[in-house]
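Visitor: For reference, this is query_2.cif, and it has mmCIF, C-alpha atoms.
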data_start
#
loop_
_atom_site.label_atom_id
_atom_site.label_comp_id
_atom_site.auth_asym_id
_atom_site.auth_seq_id
_atom_site.Cartn_x
_atom_site.Cartn_y
_atom_site.Cartn_z
CA MET A 165 356.64 62.27 250.70
CA THR A 166 354.99 59.32 252.34
CA VAL A 167 351.24 59.38 253.10
CA THR A 168 350.34 57.39 256.13
CA LEU A 169 346.76 56.08 256.20
CA PRO A 170 344.91 55.78 259.49
CA TYR A 171 345.14 52.36 260.96
CA TYR A 172 341.35 51.66 260.64
CA VAL A 173 341.51 52.43 256.88
CA ARG A 174 344.47 50.09 256.41
CA ASP A 175 342.77 47.30 258.33
CA ASN A 176 339.48 47.58 256.37
CA ALA A 177 340.78 48.57 252.93
CA ARG A 178 339.31 45.45 251.34
CA TRP A 179 335.81 46.22 252.52
CA PHE A 180 336.10 49.86 251.48
CA ALA A 181 337.01 48.70 247.97
CA ILE A 182 334.08 46.28 247.74
CA GLY A 183 331.61 48.91 248.99
CA GLY A 184 332.86 51.50 246.53
CA ALA A 185 332.56 49.10 243.61
CA ALA A 186 328.98 48.19 244.60
CA LEU A 187 328.07 51.88 244.87
CA LEU A 188 329.47 52.64 241.41
CA ALA A 189 327.62 49.63 239.89
CA ALA A 190 324.29 50.75 241.41
CA LEU A 191 324.80 54.30 240.15
CA ALA A 192 325.57 53.09 236.63
CA TYR A 193 322.51 50.81 236.61
CA PHE A 194 320.23 53.65 237.72
CA LEU A 195 321.59 56.10 235.16
CA PHE A 196 321.32 53.57 232.33
CA PHE A 197 317.74 52.42 232.92
CA SER A 198 316.32 55.81 233.92
CA SER A 199 317.49 57.30 230.65
CA SER A 200 316.57 54.34 228.42
CA PRO A 201 313.17 54.38 226.68
CA ALA A 202 310.60 51.70 227.45
CA ASP A 203 310.57 48.49 225.47
CA GLY A 204 309.03 48.99 222.08
CA GLN A 205 309.07 52.80 222.39
CA GLN A 206 311.49 55.42 221.24
CA GLU A 207 311.97 58.73 222.91
CA GLY A 208 310.45 61.39 220.66
CA PRO A 209 311.77 64.91 220.53
CA GLY A 210 310.22 67.25 223.04
CA GLY A 211 308.40 64.70 225.24
CA PRO A 212 307.62 61.09 226.16
CA PRO A 213 307.08 58.51 223.41
CA PRO A 214 303.56 57.52 222.27
CA ALA A 215 301.90 55.04 224.61
CA ILE A 216 300.11 51.97 223.27
CA VAL A 217 296.51 52.06 224.51
CA THR A 218 293.10 50.49 224.02
CA LEU A 219 290.14 52.82 223.52
CA ALA A 220 286.41 52.81 224.10
CA LYS A 221 283.56 55.26 223.69
CA ILE A 222 281.59 57.17 226.28
CA GLU A 223 277.97 56.18 225.76
CA LYS A 224 274.66 57.66 226.82
CA THR A 225 272.56 55.03 228.57
CA ALA A 226 269.17 54.89 230.27
CA LEU A 227 270.09 53.93 233.82
CA THR A 228 268.03 53.35 236.93
CA PRO A 229 269.77 54.06 240.25
CA ASN A 230 270.02 50.83 242.21
CA PHE A 231 271.40 49.33 245.34
CA THR A 232 273.13 45.95 245.56
CA ALA A 233 273.19 44.13 248.88
CA PRO A 234 274.29 40.66 249.97
CA GLY A 235 271.64 38.20 251.06
CA ASP A 236 270.90 34.51 251.33
CA ILE A 237 268.38 31.87 250.36
CA VAL A 238 265.84 30.91 253.00
CA ALA A 239 263.14 28.26 253.00
CA ASP A 240 259.56 29.41 252.73
CA ARG A 241 258.88 27.17 255.74
CA ASP A 242 261.26 26.77 258.66
CA SER A 243 259.73 25.32 261.83
CA ILE A 244 260.89 24.28 265.28
CA VAL A 245 258.59 21.41 266.24
CA ALA A 246 257.92 21.17 269.99
CA SER A 247 256.35 18.60 272.29
CA GLU A 248 252.75 19.12 273.40
CA VAL A 249 252.70 16.49 276.14
CA ALA A 250 255.10 15.26 278.80
CA GLY A 251 256.95 11.96 278.61
CA ARG A 252 260.22 10.21 277.95
CA ILE A 253 261.49 10.12 274.35
CA GLN A 254 261.46 6.58 272.93
CA SER A 255 262.68 7.23 269.36
CA THR A 256 263.59 10.02 266.93
CA LEU A 257 264.45 10.30 263.25
CA ASP A 258 268.04 10.87 262.20
CA ILE A 259 269.31 14.30 261.18
CA GLY A 260 268.92 14.76 257.43
CA ALA A 261 265.86 12.51 257.16
CA ARG A 262 263.39 13.47 254.43
CA VAL A 263 259.87 13.75 255.80
CA GLY A 264 256.42 14.23 254.38
CA GLN A 265 253.54 16.05 255.97
CA GLY A 266 252.42 13.96 258.95
CA THR A 267 255.56 11.83 259.13
CA VAL A 268 256.36 10.77 262.72
CA ILE A 269 259.66 12.39 263.69
CA ALA A 270 259.70 11.39 267.41
CA VAL A 271 257.75 9.08 269.76
CA ILE A 272 257.07 9.78 273.45
CA ASP A 273 256.36 6.98 275.95
CA SER A 274 252.56 6.67 275.73
CA ARG A 275 251.80 4.43 278.73
CA SER A 276 250.60 7.27 280.95
CA ALA A 277 248.47 8.67 278.14
CA LYS A 278 246.90 5.25 277.52
CA LEU A 279 246.05 4.85 281.22
CA ALA A 280 244.43 8.30 281.24
CA ARG A 281 242.41 7.35 278.16
CA ASP A 282 241.26 4.06 279.68
CA GLN A 283 240.22 5.86 282.89
CA ALA A 284 238.24 8.42 280.92
CA ALA A 285 236.56 5.66 278.89
CA ALA A 286 235.56 3.84 282.09
CA ASP A 287 234.03 7.02 283.52
CA VAL A 288 231.98 7.46 280.36
CA ARG A 289 230.63 3.89 280.54
CA ARG A 290 229.75 4.26 284.21
CA LEU A 291 227.89 7.50 283.69
CA GLN A 292 226.09 6.10 280.66
CA ALA A 293 224.79 3.28 282.87
CA ASP A 294 223.73 5.75 285.59
CA LEU A 295 221.92 7.88 283.03
CA THR A 296 220.06 4.85 281.64
CA TYR A 297 218.86 3.92 285.15
CA GLN A 298 217.81 7.47 285.99
CA ASN A 299 215.89 7.83 282.73
CA ARG A 300 213.87 4.70 283.62
CA LEU A 301 213.35 5.95 287.18
CA VAL A 302 211.93 9.24 285.92
CA GLU A 303 209.55 7.36 283.58
CA ARG A 304 208.24 5.15 286.47
CA LEU A 305 207.75 8.14 288.77
CA GLN A 306 205.86 10.00 286.07
CA GLN A 307 203.52 6.99 285.69
CA LEU A 308 203.01 6.69 289.46
CA LEU A 309 202.29 10.40 289.72
CA LYS A 310 199.48 9.97 287.21
CA GLU A 311 198.06 7.18 289.39
CA GLU A 312 198.58 9.44 292.43
CA ALA A 313 200.82 6.80 293.93
CA GLU A 314 203.91 9.02 294.16
CA SER A 315 204.51 12.64 295.14
CA GLU A 316 205.55 15.36 292.72
CA ALA A 317 208.60 16.14 294.88
CA SER A 318 209.98 12.66 294.32
CA LEU A 319 209.64 13.11 290.57
CA ASP A 320 211.44 16.48 290.68
CA GLU A 321 214.31 15.00 292.65
CA ALA A 322 214.67 12.17 290.14
CA ILE A 323 214.67 14.58 287.19
CA SER A 324 217.37 16.71 288.88
CA SER A 325 219.59 13.69 289.49
CA ARG A 326 219.14 12.57 285.88
CA ASP A 327 220.13 16.02 284.53
CA GLN A 328 223.21 16.14 286.74
CA THR A 329 224.29 12.71 285.52
CA ARG A 330 223.77 13.83 281.93
CA ALA A 331 226.06 16.82 282.53
CA ARG A 332 228.72 14.64 284.18
CA LEU A 333 228.54 12.28 281.20
CA ALA A 334 229.13 15.16 278.80
CA ALA A 335 232.18 16.23 280.82
CA ALA A 336 233.47 12.66 280.88
CA GLU A 337 233.11 12.40 277.09
CA VAL A 338 235.17 15.60 276.73
CA ALA A 339 237.79 14.12 279.06
CA LEU A 340 237.88 10.99 276.89
CA GLN A 341 238.38 13.06 273.75
CA THR A 342 241.19 14.98 275.48
CA ALA A 343 242.85 11.75 276.57
CA ASN A 344 242.69 10.40 273.03
CA PHE A 345 244.11 13.66 271.72
CA ASP A 346 246.97 13.59 274.23
CA LEU A 347 247.66 9.98 273.28
CA SER A 348 247.90 10.93 269.60
CA ARG A 349 250.32 13.73 270.48
CA THR A 350 252.81 11.25 271.90
CA ARG A 351 253.68 10.68 268.23
CA ILE A 352 255.20 13.98 267.10
CA ARG A 353 254.62 14.59 263.40
CA SER A 354 256.11 16.90 260.78
CA PRO A 355 253.77 19.81 259.97
CA PHE A 356 254.88 19.85 256.30
CA ALA A 357 257.08 18.07 253.80
CA GLY A 358 260.79 18.83 254.09
CA GLN A 359 263.95 17.71 255.83
CA LEU A 360 264.89 17.26 259.47
CA VAL A 361 267.98 19.47 259.73
CA GLU A 362 268.45 19.63 263.50
CA ARG A 363 267.54 17.28 266.35
CA LYS A 364 267.11 19.05 269.68
CA ILE A 365 266.36 16.07 271.95
CA GLU A 366 267.73 12.56 272.26
CA VAL A 367 266.26 9.18 273.15
CA GLY A 368 265.85 8.80 276.91
CA GLU A 369 265.48 12.54 277.61
CA TYR A 370 262.27 13.77 279.21
CA ALA A 371 260.07 16.04 277.12
CA THR A 372 257.74 18.60 278.62
CA PRO A 373 255.08 20.69 276.85
CA GLY A 374 256.93 23.29 274.77
CA ARG A 375 260.25 21.41 274.75
CA GLU A 376 261.89 21.70 271.30
CA ILE A 377 262.15 18.39 269.48
CA ALA A 378 263.48 19.06 265.97
CA ARG A 379 263.85 21.68 263.24
CA ILE A 380 262.15 21.02 259.91
CA ILE A 381 263.00 22.94 256.72
CA GLY A 382 260.50 22.90 253.86
CA ARG A 383 261.71 22.28 250.31
CA THR A 384 258.58 23.09 248.34
CA GLY A 385 259.74 26.66 247.84
CA SER A 386 262.43 29.16 248.80
CA GLU A 387 262.95 32.89 248.88
CA ALA A 388 265.75 35.39 248.48
CA ARG A 389 266.25 37.47 251.61
CA VAL A 390 268.28 40.68 251.82
CA ARG A 391 268.53 43.59 254.23
CA VAL A 392 268.38 47.01 252.59
CA PRO A 393 269.29 50.32 254.28
CA ILE A 394 266.17 52.14 255.38
CA ALA A 395 267.38 55.26 253.59
CA SER A 396 267.42 53.36 250.26
CA ALA A 397 264.15 51.51 250.78
CA GLY A 398 261.71 54.38 250.28
CA SER A 399 261.05 53.50 246.63
CA LEU A 400 260.63 49.74 247.18
CA ALA A 401 257.20 48.19 246.84
CA GLU A 402 255.64 44.75 246.50
CA GLY A 403 255.69 43.47 242.92
CA GLN A 404 258.71 45.58 241.94
CA GLU A 405 261.20 43.81 239.66
CA ILE A 406 264.64 43.02 241.05
CA THR A 407 267.76 41.16 239.90
CA ILE A 408 269.18 38.23 241.86
CA LEU A 409 272.76 37.06 241.38
CA ALA A 410 273.12 33.49 242.61
CA ASN A 411 276.09 31.22 241.90
CA GLY A 412 277.23 33.52 239.08
CA GLU A 413 273.83 33.40 237.37
CA ARG A 414 271.46 36.35 237.06
CA ARG A 415 267.72 35.91 237.38
CA SER A 416 264.77 38.27 237.62
CA SER A 417 262.17 38.18 240.35
CA ARG A 418 259.64 40.47 241.97
CA ILE A 419 259.50 41.65 245.55
CA ARG A 420 257.00 39.60 247.54
CA SER A 421 257.19 41.60 250.71
CA VAL A 422 258.97 44.56 252.26
CA ILE A 423 259.09 44.15 256.04
CA GLU A 424 258.23 47.64 257.23
CA THR A 425 259.87 47.31 260.65
CA GLY A 426 263.61 47.99 260.40
CA ASP A 427 266.44 46.89 262.64
CA GLU A 428 267.33 49.69 265.04
CA VAL A 429 271.00 48.67 265.21
CA SER A 430 271.86 48.23 261.51
CA ARG A 431 269.15 50.62 260.26
CA THR A 432 268.08 48.11 257.64
CA LEU A 433 264.86 46.37 256.76
CA GLU A 434 264.20 42.99 255.20
CA VAL A 435 263.11 42.41 251.61
CA ARG A 436 261.95 39.03 250.31
CA ALA A 437 261.40 37.71 246.80
CA PRO A 438 260.65 34.23 245.36
CA MET A 439 263.67 32.32 244.06
CA GLY A 440 261.77 30.07 241.67
CA THR A 441 263.27 26.77 240.53
CA HIS A 442 266.93 26.24 241.42
CA ASP A 443 269.41 23.65 242.69
CA LEU A 444 271.05 25.85 245.33
CA LYS A 445 271.11 24.94 249.00
CA ILE A 446 269.24 26.80 251.68
CA GLY A 447 271.61 29.37 253.18
CA SER A 448 273.55 29.92 249.93
CA ALA A 449 274.94 33.43 249.55
CA ILE A 450 273.39 35.66 246.89
CA SER A 451 273.22 39.34 246.06
CA ILE A 452 270.14 41.32 245.14
CA THR A 453 270.04 44.51 243.10
CA VAL A 454 267.01 46.65 243.81
CA PRO A 455 266.10 49.92 242.07
CA THR A 456 266.15 52.97 244.31
CA GLY A 457 265.19 55.75 241.89
CA ILE A 458 263.71 56.74 238.54
CA GLU A 459 265.27 55.86 235.19
CA ARG A 460 267.33 58.67 233.64
CA GLN A 461 269.82 59.24 230.82
CA VAL A 462 273.47 59.25 231.95
CA LEU A 463 276.94 58.98 230.43
CA THR A 464 278.68 55.67 231.07
CA ALA A 465 282.22 54.41 230.64
CA PRO A 466 283.91 51.04 231.17
CA ARG A 467 285.08 50.53 234.74
CA ASP A 468 288.62 49.86 233.46
CA ALA A 469 288.81 53.42 232.09
CA LEU A 470 288.76 54.95 235.57
CA VAL A 471 292.13 55.91 237.04
CA LEU A 472 292.01 56.14 240.83
CA ARG A 473 294.57 58.29 242.60
CA ASP A 474 294.77 60.08 245.94
CA SER A 475 294.10 63.32 244.09
CA GLY A 476 290.81 62.01 242.66
CA ILE A 477 289.26 59.91 239.90
CA PHE A 478 289.89 60.75 236.25
CA VAL A 479 289.90 59.38 232.70
CA TYR A 480 292.08 60.09 229.68
CA VAL A 481 290.17 61.44 226.67
CA VAL A 482 291.93 60.99 223.33
CA ASN A 483 291.96 63.88 220.83
CA PRO A 484 291.43 62.17 217.45
CA LYS A 485 293.22 64.93 215.55
CA ASP A 486 296.62 64.99 217.23
CA LYS A 487 296.21 61.63 219.03
CA THR A 488 297.03 62.96 222.48
CA ALA A 489 295.51 61.98 225.80
CA LYS A 490 294.02 64.62 228.05
CA ARG A 491 293.27 64.02 231.71
CA ILE A 492 289.65 64.78 232.68
CA ASP A 493 288.48 64.62 236.29
CA VAL A 494 285.13 62.84 236.67
CA GLN A 495 282.56 61.96 239.30
CA VAL A 496 281.42 58.34 239.50
CA GLY A 497 277.73 57.37 239.77
CA GLU A 498 275.71 54.18 239.67
CA PRO A 499 277.13 50.93 238.23
CA ASP A 500 275.66 49.33 235.11
CA GLY A 501 277.19 45.89 234.64
CA ASP A 502 280.81 46.33 233.48
CA ARG A 503 280.19 50.06 232.96
CA VAL A 504 279.64 52.90 235.39
CA ALA A 505 277.93 56.28 235.21
CA ILE A 506 280.31 59.25 235.14
CA SER A 507 279.98 63.01 234.90
CA GLY A 508 282.44 65.80 234.14
CA ASN A 509 283.80 67.73 231.16
CA ILE A 510 282.96 64.89 228.78
CA ALA A 511 280.36 64.09 226.12
CA ALA A 512 278.80 61.06 224.51
CA GLY A 513 281.05 59.65 221.78
CA ASP A 514 284.33 60.83 223.36
CA LEU A 515 287.14 58.31 223.03
CA ILE A 516 288.71 57.33 226.31
CA VAL A 517 291.62 55.10 227.27
CA VAL A 518 290.55 51.75 228.70
CA ARG A 519 293.92 50.00 228.91
CA GLY A 520 297.34 51.57 229.07
CA GLY A 521 296.34 54.65 231.02
CA GLU A 522 298.08 53.77 234.27
CA ARG A 523 301.35 55.51 233.27
CA LEU A 524 300.00 58.11 230.88
CA ARG A 525 300.77 61.77 231.33
CA ASP A 526 298.46 64.64 230.52
CA GLY A 527 299.04 65.59 226.87
CA GLN A 528 301.09 62.48 226.07
CA PRO A 529 300.70 61.12 222.52
CA VAL A 530 299.10 57.71 222.15
CA THR A 531 299.03 54.97 219.58
CA TRP A 532 297.35 51.61 219.29
CA ASP A 533 297.98 48.19 217.90
CA GLU A 534 297.41 48.14 214.16
CA LYS A 535 295.49 44.89 214.63
CA ASP A 536 292.93 46.78 216.74
CA LYS A 537 290.66 47.63 213.84
CA GLU A 538 287.84 48.77 216.09
CA ASN A 539 289.97 51.49 217.69
CA ALA A 540 291.34 52.59 214.32
CA ALA A 541 287.83 52.88 212.87
CA ALA A 542 286.57 54.78 215.94
CA ILE A 543 289.36 57.36 215.72
CA SER A 544 288.85 57.70 211.97
CA ARG A 545 285.11 58.42 212.38
CA LYS A 546 285.80 60.87 215.20
CA SER A 547 288.38 62.73 213.11
CA VAL A 548 286.04 63.04 210.15
CA GLY A 549 283.21 64.23 212.40
#
Starting from the file, give its structure as structure tokens.

Guide:
Amino acid sequence: MTVTLPYYVRDNARWFAIGGAALLAALAYFLFFSSSPADGQQEGPGGPPPAIVTLAKIEKTALTPNFTAPGDIVADRDSIVASEVAGRIQSTLDIGARVGQGTVIAVIDSRSAKLARDQAAADVRRLQADLTYQNRLVERLQQLLKEEAESEASLDEAISSRDQTRARLAAAEVALQTANFDLSRTRIRSPFAGQLVERKIEVGEYATPGREIARIIGRTGSEARVRVPIASAGSLAEGQEITILANGERRSSRIRSVIETGDEVSRTLEVRAPMGTHDLKIGSAISITVPTGIERQVLTAPRDALVLRDSGIFVYVVNPKDKTAKRIDVQVGEPDGDRVAISGNIAAGDLIVVRGGERLRDGQPVTWDEKDKENAAAISRKSVG
């Protein structure tokens, strides 16, 4: 009996053979590796082999609830210097220039100011001469009145003219002082020692009163600035100790000021604290940890002991008698360095898995490297206890 294959099978027999061989190879690979024990482990009777783990203890620690927020370093003085008089800019300092208090950072054309000063000085001299003449006139009229050679009305008129000239002279002297002051303001000076970080006007541009000239940043001191949620800021107060993390280095400081007015969009308020001596640049990123509650005793575990899954957060507690790992669901609290507060069906001194718990199963036996003397001693003490 002859079996006739369909024509499409005959034409593609080669590819059917290759596909079948690949399918058989994949099936054999899957069956082999799924049934083989892990490297360094042997399948024990009645369950998975012992897993090699690293252990640590749950500890009771005095912990203060805190809040960590990003911030930056700001100068204690940051000023936009503006022009006080009108005129064309003749010169300015370069961006980045170091300045002292009173250093000239820009010069305005002073010709108009000098002319106004000279005019005011001339008015003062003229009125001084008028006042000298009128003082002498009043003295002569007073003498003639005694000799009955002049009327009292003439003397009163002379005294009135003299007093008016005296008042005009006082006004002219004020005008002269104003002109001198305006002339001095054609040389714009730094209000404090620091650095010119931004130039807002160029040579040849016309400055008017209030026109921004340059931005000066002080370098005599700096502060840490951070915005804290209003809900977490109720316990903050001036003088309270905080921790600043800057460039990987921790330092302690105390709150200088809590700005009571919060931002209505972000619902945060600003906290500032002195930075002290440092080599960081203004604007460098930092983080600030501020306490938000009262110190209390809590149980803590290493962060690496936490196993995070969609079903929740848990740890594996090791029974020192039969050396098995039991899954315990926990709730996570405040951080404390490389540890974190946890709560659940646990107690201080319990041994938990720090490394090797990612593939553990509830009730699975565990073992540890014989070189790990600390773990061996911890389990021994727990078993005796």

Visitor: For the structure provided, state which residues fall under the PyMOL selection byres ((chain A and resi 497) around 10), and present them as an mmCIF file with C-alpha atoms, in the coordinates of the input.

Guide:
data_model
loop_
_atom_site.group_PDB
_atom_site.id
_atom_site.type_symbol
_atom_site.label_atom_id
_atom_site.label_comp_id
_atom_site.auth_asym_id
_atom_site.auth_seq_id
_atom_site.Cartn_x
_atom_site.Cartn_y
_atom_site.Cartn_z
ATOM 1 C CA PRO A 229 269.770 54.060 240.250
ATOM 2 C CA VAL A 462 273.470 59.250 231.950
ATOM 3 C CA LEU A 463 276.940 58.980 230.430
ATOM 4 C CA THR A 464 278.680 55.670 231.070
ATOM 5 C CA VAL A 494 285.130 62.840 236.670
ATOM 6 C CA GLN A 495 282.560 61.960 239.300
ATOM 7 C CA VAL A 496 281.420 58.340 239.500
ATOM 8 C CA GLU A 498 275.710 54.180 239.670
ATOM 9 C CA PRO A 499 277.130 50.930 238.230
ATOM 10 C CA ASP A 500 275.660 49.330 235.110
ATOM 11 C CA VAL A 504 279.640 52.900 235.390
ATOM 12 C CA ALA A 505 277.930 56.280 235.210
ATOM 13 C CA ILE A 506 280.310 59.250 235.140
ATOM 14 C CA SER A 507 279.980 63.010 234.900
#

Visitor: Restricting the calculation to only C-alpha atoms, which member of A:Asp320, A:Asp443, A:Asp294, A:Asp474 is positioned closest to Gln306 of chain A?

Guide: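 Of A:Asp320, A:Asp443, A:Asp294, A:Asp474, the one nearest Gln306 of chain A, counting only C-alpha atoms, is A:Asp320.
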
Visitor: Have a look at A:Thr350, A:Ser318, A:Gln283, A:Thr453 and name the one nearest to Thr228 of chain A; count all atoms listed in the file.

Guide: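 Result for the nearest residue to Thr228 of chain A: A:Thr453.
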
Visitor: For Ala388 of chain A, find every residue with an atom within 8 Å (counting only C-alpha atoms), except residues of its own chain fewer than 6 positions away, and show them as a PyMOL selection string.

Guide: chain A and resi 235-238+408+436-439+450

Visitor: Write the residues you've just listed into a file as a PDB file, in the coordinates of the input, and include C-alpha atoms for each of them.

Guide:
ATOM      1  CA  GLY A 235     271.640  38.200 251.060  1.00  0.00           C
ATOM      2  CA  ASP A 236     270.900  34.510 251.330  1.00  0.00           C
ATOM      3  CA  ILE A 237     268.380  31.870 250.360  1.00  0.00           C
ATOM      4  CA  VAL A 238     265.840  30.910 253.000  1.00  0.00           C
ATOM      5  CA  ILE A 408     269.180  38.230 241.860  1.00  0.00           C
ATOM      6  CA  ARG A 436     261.950  39.030 250.310  1.00  0.00           C
ATOM      7  CA  ALA A 437     261.400  37.710 246.800  1.00  0.00           C
ATOM      8  CA  PRO A 438     260.650  34.230 245.360  1.00  0.00           C
ATOM      9  CA  MET A 439     263.670  32.320 244.060  1.00  0.00           C
ATOM     10  CA  ILE A 450     273.390  35.660 246.890  1.00  0.00           C
TER      11      ILE A 450
END

Visitor: Given the file shown, enumerate the residues that the PyMOL selection byres ((chain A and resi 243-253) around 8) captures and present them as a PDB file with C-alpha atoms, in the coordinates of the input.

Guide:
ATOM      1  CA  ARG A 241     258.880  27.170 255.740  1.00  0.00           C
ATOM      2  CA  ASP A 242     261.260  26.770 258.660  1.00  0.00           C
ATOM      3  CA  GLN A 254     261.460   6.580 272.930  1.00  0.00           C
ATOM      4  CA  SER A 255     262.680   7.230 269.360  1.00  0.00           C
ATOM      5  CA  THR A 256     263.590  10.020 266.930  1.00  0.00           C
ATOM      6  CA  ALA A 270     259.700  11.390 267.410  1.00  0.00           C
ATOM      7  CA  VAL A 271     257.750   9.080 269.760  1.00  0.00           C
ATOM      8  CA  ILE A 272     257.070   9.780 273.450  1.00  0.00           C
ATOM      9  CA  ASP A 273     256.360   6.980 275.950  1.00  0.00           C
ATOM     10  CA  SER A 274     252.560   6.670 275.730  1.00  0.00           C
ATOM     11  CA  ASP A 346     246.970  13.590 274.230  1.00  0.00           C
ATOM     12  CA  ARG A 349     250.320  13.730 270.480  1.00  0.00           C
ATOM     13  CA  THR A 350     252.810  11.250 271.900  1.00  0.00           C
ATOM     14  CA  ILE A 352     255.200  13.980 267.100  1.00  0.00           C
ATOM     15  CA  SER A 354     256.110  16.900 260.780  1.00  0.00           C
ATOM     16  CA  GLU A 366     267.730  12.560 272.260  1.00  0.00           C
ATOM     17  CA  VAL A 367     266.260   9.180 273.150  1.00  0.00           C
ATOM     18  CA  GLY A 368     265.850   8.800 276.910  1.00  0.00           C
ATOM     19  CA  GLU A 369     265.480  12.540 277.610  1.00  0.00           C
ATOM     20  CA  TYR A 370     262.270  13.770 279.210  1.00  0.00           C
ATOM     21  CA  ALA A 371     260.070  16.040 277.120  1.00  0.00           C
ATOM     22  CA  THR A 372     257.740  18.600 278.620  1.00  0.00           C
ATOM     23  CA  PRO A 373     255.080  20.690 276.850  1.00  0.00           C
ATOM     24  CA  GLY A 374     256.930  23.290 274.770  1.00  0.00           C
ATOM     25  CA  ARG A 375     260.250  21.410 274.750  1.00  0.00           C
ATOM     26  CA  GLU A 376     261.890  21.700 271.300  1.00  0.00           C
ATOM     27  CA  ILE A 377     262.150  18.390 269.480  1.00  0.00           C
ATOM     28  CA  ALA A 378     263.480  19.060 265.970  1.00  0.00           C
ATOM     29  CA  ARG A 379     263.850  21.680 263.240  1.00  0.00           C
ATOM     30  CA  ILE A 380     262.150  21.020 259.910  1.00  0.00           C
ATOM     31  CA  ILE A 381     263.000  22.940 256.720  1.00  0.00           C
TER      32      ILE A 381
END

Visitor: Quick one: everything within 7 Å of Val479 of chain A, counting only C-alpha atoms, minus sequence neighbours fewer than 4 positions away in the same chain. Send it as a VMD selection string.

Guide: chain A and resid 469 to 471 491 to 493 516

Visitor: Output C-alpha atoms for every residue in that selection, as a PDB file, in the frame of the given file.

Guide:
ATOM      1  CA  ALA A 469     288.810  53.420 232.090  1.00  0.00           C
ATOM      2  CA  LEU A 470     288.760  54.950 235.570  1.00  0.00           C
ATOM      3  CA  VAL A 471     292.130  55.910 237.040  1.00  0.00           C
ATOM      4  CA  ARG A 491     293.270  64.020 231.710  1.00  0.00           C
ATOM      5  CA  ILE A 492     289.650  64.780 232.680  1.00  0.00           C
ATOM      6  CA  ASP A 493     288.480  64.620 236.290  1.00  0.00           C
ATOM      7  CA  ILE A 516     288.710  57.330 226.310  1.00  0.00           C
TER       8      ILE A 516
END

Visitor: Would you write out, as a PyMOL selection string, every residue that the PyMOL selection byres ((chain A and resi 421) around 7) captures in this file?

Guide: chain A and resi 402+419-420+422-423+435-437

Visitor: How would the residues just chosen look if you wrote them out with C-alpha atoms as a compact mmCIF listing (two decimals), in the coordinates of the input?

Guide:
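Saved file selection_17.txt follows:
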# COMPACT_ATOMS: atom_id res chain seq x y z
CA GLU A 402 255.64 44.75 246.50
CA ILE A 419 259.50 41.65 245.55
CA ARG A 420 257.00 39.60 247.54
CA VAL A 422 258.97 44.56 252.26
CA ILE A 423 259.09 44.15 256.04
CA VAL A 435 263.11 42.41 251.61
CA ARG A 436 261.95 39.03 250.31
CA ALA A 437 261.40 37.71 246.80

Visitor: Please tell me which residues are no farther than 8 Å from (284.5, 63.1, 223.1) in the file, counting only C-alpha atoms, and write them as JSON, numbers by chain.

Guide: {"A": [221, 222, 481, 482, 483, 510, 511, 512, 513, 514, 515, 516]}

Visitor: Could the residues in this selection be written to a file with C-alpha atoms, as a short mmCIF file (atom, residue, chain, number, x, y, z; two decimals), keeping the file's coordinate frame?

Guide:
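Final output, part_7.cif:
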data_model
loop_
_atom_site.label_atom_id
_atom_site.label_comp_id
_atom_site.auth_asym_id
_atom_site.auth_seq_id
_atom_site.Cartn_x
_atom_site.Cartn_y
_atom_site.Cartn_z
CA LYS A 221 283.56 55.26 223.69
CA ILE A 222 281.59 57.17 226.28
CA VAL A 481 290.17 61.44 226.67
CA VAL A 482 291.93 60.99 223.33
CA ASN A 483 291.96 63.88 220.83
CA ILE A 510 282.96 64.89 228.78
CA ALA A 511 280.36 64.09 226.12
CA ALA A 512 278.80 61.06 224.51
CA GLY A 513 281.05 59.65 221.78
CA ASP A 514 284.33 60.83 223.36
CA LEU A 515 287.14 58.31 223.03
CA ILE A 516 288.71 57.33 226.31
#

Visitor: When you count all atoms listed in the file, which of these residues is closest to Val263 of chain A: A:Ser324, A:Gln461, A:Gln359, A:Thr407?

Guide: A:Gln359

Visitor: With all atoms listed in the file as the atoms that count, which of A:Glu424, A:Pro455, A:Ala465, A:Thr384 lies nearest to His442 of chain A?

Guide: A:Thr384

Visitor: Would you kindly return, as a PyMOL selection string, each protein, DNA or RNA residue with an atom no farther than 10 Å from any atom of Arg330 of chain A, considering all atoms listed in the file and excluding same-chain residues fewer than 5 positions away?

Guide: chain A and resi 291-292+294-296+298-299+324-325+335-336

Visitor: Pick the closest to Ala293 of chain A from A:Leu333, A:Ala233, A:Val338, A:Leu433: which is it, counting only C-alpha atoms?

Guide: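 Among A:Leu333, A:Ala233, A:Val338, A:Leu433, it is A:Leu333 that comes nearest to Ala293 of chain A.
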
Visitor: Could you check the closest approach to Val392 of chain A for each of A:Leu305, A:Leu187, A:Ile406, A:Ile452 and tell me which residue wins, using only C-alpha atoms?

Guide: A:Ile452

Visitor: Please report, as JSON lines, each residue of segment 404-523 of chain A lying at most 8 Å from segment 393-398 of chain A, together with the nearest pair of atoms and the separation in Å rounded to one decimal; use all atoms listed in the file, and order rows by chain and ascending residue number.

Guide:
{"residue": "A:Gly426", "atom": "CA", "partner": "A:Ile394", "partner_atom": "CA", "distance": 7.0}
{"residue": "A:Ser430", "atom": "CA", "partner": "A:Pro393", "partner_atom": "CA", "distance": 8.0}
{"residue": "A:Arg431", "atom": "CA", "partner": "A:Ile394", "partner_atom": "CA", "distance": 5.9}
{"residue": "A:Thr432", "atom": "CA", "partner": "A:Pro393", "partner_atom": "CA", "distance": 4.2}
{"residue": "A:Leu433", "atom": "CA", "partner": "A:Ile394", "partner_atom": "CA", "distance": 6.1}
{"residue": "A:Thr456", "atom": "CA", "partner": "A:Ser396", "partner_atom": "CA", "distance": 6.1}
